[in-house]
Amino acid sequence: MAAAARAASAARSPLLVHHHRRRLPQVPSGGGGSLRVGGAGRGRDEGRRRARAGVRVFARYSPAQDFSTRFQDRVGELPKLVEDLLQTSISTGPRGAFRMAQGIQAVLGVGGEWLNDLSKTANTSAGIPAQMQLGLLSPLYLRRLFERMGATYIKLGQFVASAPTLFPAEYVEEFQNCFDRAPAVPYDVIQSILREELQRPLDSIYEYIDPVPIASASIAQVHGARLKSSQKDVVIKVLKPGIEDTLVADLNFIYVVARVLEFLNPELQRTSLVGIVKDIKESMLEEVDFRKEAANIQAFQGYIDAMGFDRQAKAPFVYQHCSTKRVLTMERLYGVPLTDLDSIRSLVPDPELTLVTALNVWFGSLISCESFHADVHAGNLWLLRDGRIGFIDFGIVGRISPRTWAAMEVFLASFATEDYDAMASALSEMGATGNDINIDEFAKDLRKIFSSIQQDLDTEIIVATARGPDATAVSANVVLDERQMNALFLDLVRVSESYGLKFPREFALLMKQLLYFDRYTRLLAPSMNMLRDERINISTNRQPRRTDRFQ
């Protein structure tokens, strides 16, 4: 009976999560738009693969004479390269030398691990495992190196994990394990930062500050506190010391490497390697400027108020008088994550209506807010004690262009109706690269993906719920979410890229959030189809605001 219930739930749900015990058919290594191997189209598909422009971690090197010819052709651009590198080095300052030393130490450490692992396999008949043949550039050891290098590289690893449209699948999968764990900074250091930033005695602002942090990550540390004037409970997010200088030094180094690689191998310019690095740098530097996160929170709350959702949802209030670039003081929200079904039932009579509210608020933000919340995992989306939906942590937000959203609407509708021809057309519109796409073949391959996907999600959610809403259980559930969400998206990207499609990153962000909501639907409203339910508005029949800036 339980199996029948799960099967019925699968038939109703428009979004399905990858079954980790059953691998999907893989696109042949020679490329190809179809999952079928062989046939007269193989040569044509190989041509497609060669023409596809995408990020490649390792470039093919041409013979020496070809390299010499290319270098001579690029000599005219050498002065600009040198000028760019000098300006970058000056902006890095002495911190660059210190980070270089730390980098060498990290490379030696992970290199020692690789050599030790290599020695264990040297005398085996199986030979060297594939994951070790690339040395420190293999996904496993590169991820370990990133973790040793600290904040910048951990964030870079998380970017790799969240961008399957940009990086090879084996790296995306491995970097799902790139955890942002960091020892807590001593409380006296946190106090010093607060005094320096707020420029007045702390006891004139806060009634008390809990010296034990609620959380400590690579970039920031969070403490609970209470305001002295209003007696409101708050959380204080404090940027760890030296993080901004470290980020600048590391990102400048990565930029220099990208510039040199593009200079030496002009073919890499087609992958927009330097452009990607610039985007990563801009995104990371925004994350360490808490004024940007405060603005994101206030814009979202403004959207909630303007759309009349203020009795249904809220974002934490930002206390500007005790917030700066390095300190963010916010209202402390109390509630439970949307995966804690028992607690949700104790707070509201109908969990399904709670989910409908969350979906309407989030879908509305896609077109009626300056940005949308782009990280709605169980730790960031709560049911509050007063019955409202709480959106927490606006460090990661997305902005969607009207053109992409128009294609996304068609894509979502095709999910609901299982119209794979429409789905193929919508994906082609979003990822268009000028290539001629065989929509019929693409639709057949999409049908294979979604018909091959199985679900074993219900058991996993129940296990997570049984542990309770404590921080450890929520954290474990989030890691599980990340891996499963990316597994499905990777399969979609693999097939799409075989047709020469290259999606904008905003599409990856949108898909990931929809898959999170699909998990909540299975738990809170298993009989509901979230893309076809009349109570949920995902169309543009609203009053869009401020979208002209993204045209």
# chains A, B, ... in the order shown; residues from 1 in each chain; ligands from 1
>>> residues_around(residues="A:Trp362", least_positions_apart="4", cutoff="9 Å", atoms="only C-alpha atoms", output="PDB file with N, CA, C and O atoms, in the first residue's frame")
ATOM      1  N   THR A 357       0.913  29.358   0.127  1.00  0.00           N
ATOM      2  CA  THR A 357       1.348  30.726   0.442  1.00  0.00           C
ATOM      3  C   THR A 357       2.809  30.936   0.064  1.00  0.00           C
ATOM      4  O   THR A 357       3.172  31.927  -0.578  1.00  0.00           O
ATOM      5  N   ALA A 358       3.653  29.995   0.483  1.00  0.00           N
ATOM      6  CA  ALA A 358       5.088  30.117   0.189  1.00  0.00           C
ATOM      7  C   ALA A 358       5.332  30.174  -1.313  1.00  0.00           C
ATOM      8  O   ALA A 358       6.141  30.981  -1.802  1.00  0.00           O
ATOM      9  N   LEU A 366       9.547  36.700  -8.567  1.00  0.00           N
ATOM     10  CA  LEU A 366      10.317  36.528  -9.798  1.00  0.00           C
ATOM     11  C   LEU A 366      10.121  37.695 -10.758  1.00  0.00           C
ATOM     12  O   LEU A 366      11.048  38.058 -11.498  1.00  0.00           O
ATOM     13  N   PHE A 372      14.952  37.726  -6.507  1.00  0.00           N
ATOM     14  CA  PHE A 372      14.231  36.643  -5.841  1.00  0.00           C
ATOM     15  C   PHE A 372      15.189  35.868  -4.938  1.00  0.00           C
ATOM     16  O   PHE A 372      16.402  35.837  -5.177  1.00  0.00           O
ATOM     17  N   HIS A 373      14.646  35.261  -3.901  1.00  0.00           N
ATOM     18  CA  HIS A 373      15.446  34.454  -2.984  1.00  0.00           C
ATOM     19  C   HIS A 373      15.911  33.221  -3.736  1.00  0.00           C
ATOM     20  O   HIS A 373      15.111  32.437  -4.241  1.00  0.00           O
TER      21      HIS A 373
END
>>> atom_distance(atom1="atom CA of A:Pro186", atom2="atom CA of A:Tyr153")
22.9 Å
>>> closest_atom_pairs(of="stretch 135-213 of chain A", to="stretch 279-295 of chain A", cutoff="10 Å", atoms="only C-alpha atoms", output="CSV")
residue,atom,partner,partner_atom,distance
A:Thr152,CA,A:Met284,CA,8.0
A:Lys155,CA,A:Met284,CA,7.6
A:Leu156,CA,A:Ile280,CA,7.6
A:Phe159,CA,A:Ile280,CA,7.9
>>> residues_around(residues="A:Leu355", least_positions_apart="6", cutoff="10 Å", atoms="only C-alpha atoms", output="ChimeraX atom specification")
/A:338,361,383,389,517,520-521,523-525,530,536
>>> write_last_selection(atoms="N, CA and C atoms", output="mmCIF file, in the first residue's frame")
data_model
loop_
_atom_site.group_PDB
_atom_site.id
_atom_site.type_symbol
_atom_site.label_atom_id
_atom_site.label_comp_id
_atom_site.auth_asym_id
_atom_site.auth_seq_id
_atom_site.Cartn_x
_atom_site.Cartn_y
_atom_site.Cartn_z
ATOM 1 N N LEU A 338 10.313 23.948 6.686
ATOM 2 C CA LEU A 338 9.166 23.347 6.011
ATOM 3 C C LEU A 338 9.269 21.838 5.859
ATOM 4 N N VAL A 361 4.142 33.618 -2.819
ATOM 5 C CA VAL A 361 5.055 34.709 -2.462
ATOM 6 C C VAL A 361 6.326 34.610 -3.285
ATOM 7 N N LEU A 383 8.261 28.092 8.641
ATOM 8 C CA LEU A 383 6.941 28.490 9.107
ATOM 9 C C LEU A 383 7.141 29.110 10.484
ATOM 10 N N ILE A 389 5.060 32.732 6.641
ATOM 11 C CA ILE A 389 6.255 32.135 6.051
ATOM 12 C C ILE A 389 7.424 33.093 6.243
ATOM 13 N N PHE A 517 11.040 23.300 -3.796
ATOM 14 C CA PHE A 517 9.603 23.390 -3.550
ATOM 15 C C PHE A 517 8.906 22.064 -3.865
ATOM 16 N N TYR A 520 9.049 20.022 -0.776
ATOM 17 C CA TYR A 520 8.076 20.455 0.228
ATOM 18 C C TYR A 520 6.662 20.015 -0.171
ATOM 19 N N THR A 521 6.389 20.010 -1.487
ATOM 20 C CA THR A 521 5.070 19.577 -1.952
ATOM 21 C C THR A 521 4.835 18.112 -1.611
ATOM 22 N N LEU A 523 5.901 16.445 0.812
ATOM 23 C CA LEU A 523 5.713 16.263 2.244
ATOM 24 C C LEU A 523 4.421 16.908 2.747
ATOM 25 N N LEU A 524 4.181 18.165 2.344
ATOM 26 C CA LEU A 524 3.075 18.939 2.903
ATOM 27 C C LEU A 524 1.773 18.787 2.124
ATOM 28 N N ALA A 525 1.869 18.504 0.827
ATOM 29 C CA ALA A 525 0.661 18.417 -0.011
ATOM 30 C C ALA A 525 0.867 17.366 -1.098
ATOM 31 N N MET A 530 1.865 21.361 -8.036
ATOM 32 C CA MET A 530 2.105 22.784 -7.763
ATOM 33 C C MET A 530 2.119 23.643 -9.021
ATOM 34 N N ILE A 536 -2.288 28.625 -7.159
ATOM 35 C CA ILE A 536 -0.904 29.089 -7.306
ATOM 36 C C ILE A 536 -0.772 29.861 -8.607
#
>>> select_by_dssp(residues="stretch 255-336 of chain A", states="helix (DSSP H, G or I)", output="ChimeraX atom specification")
/A:255-264,266-271,273-287,290-306,320-322
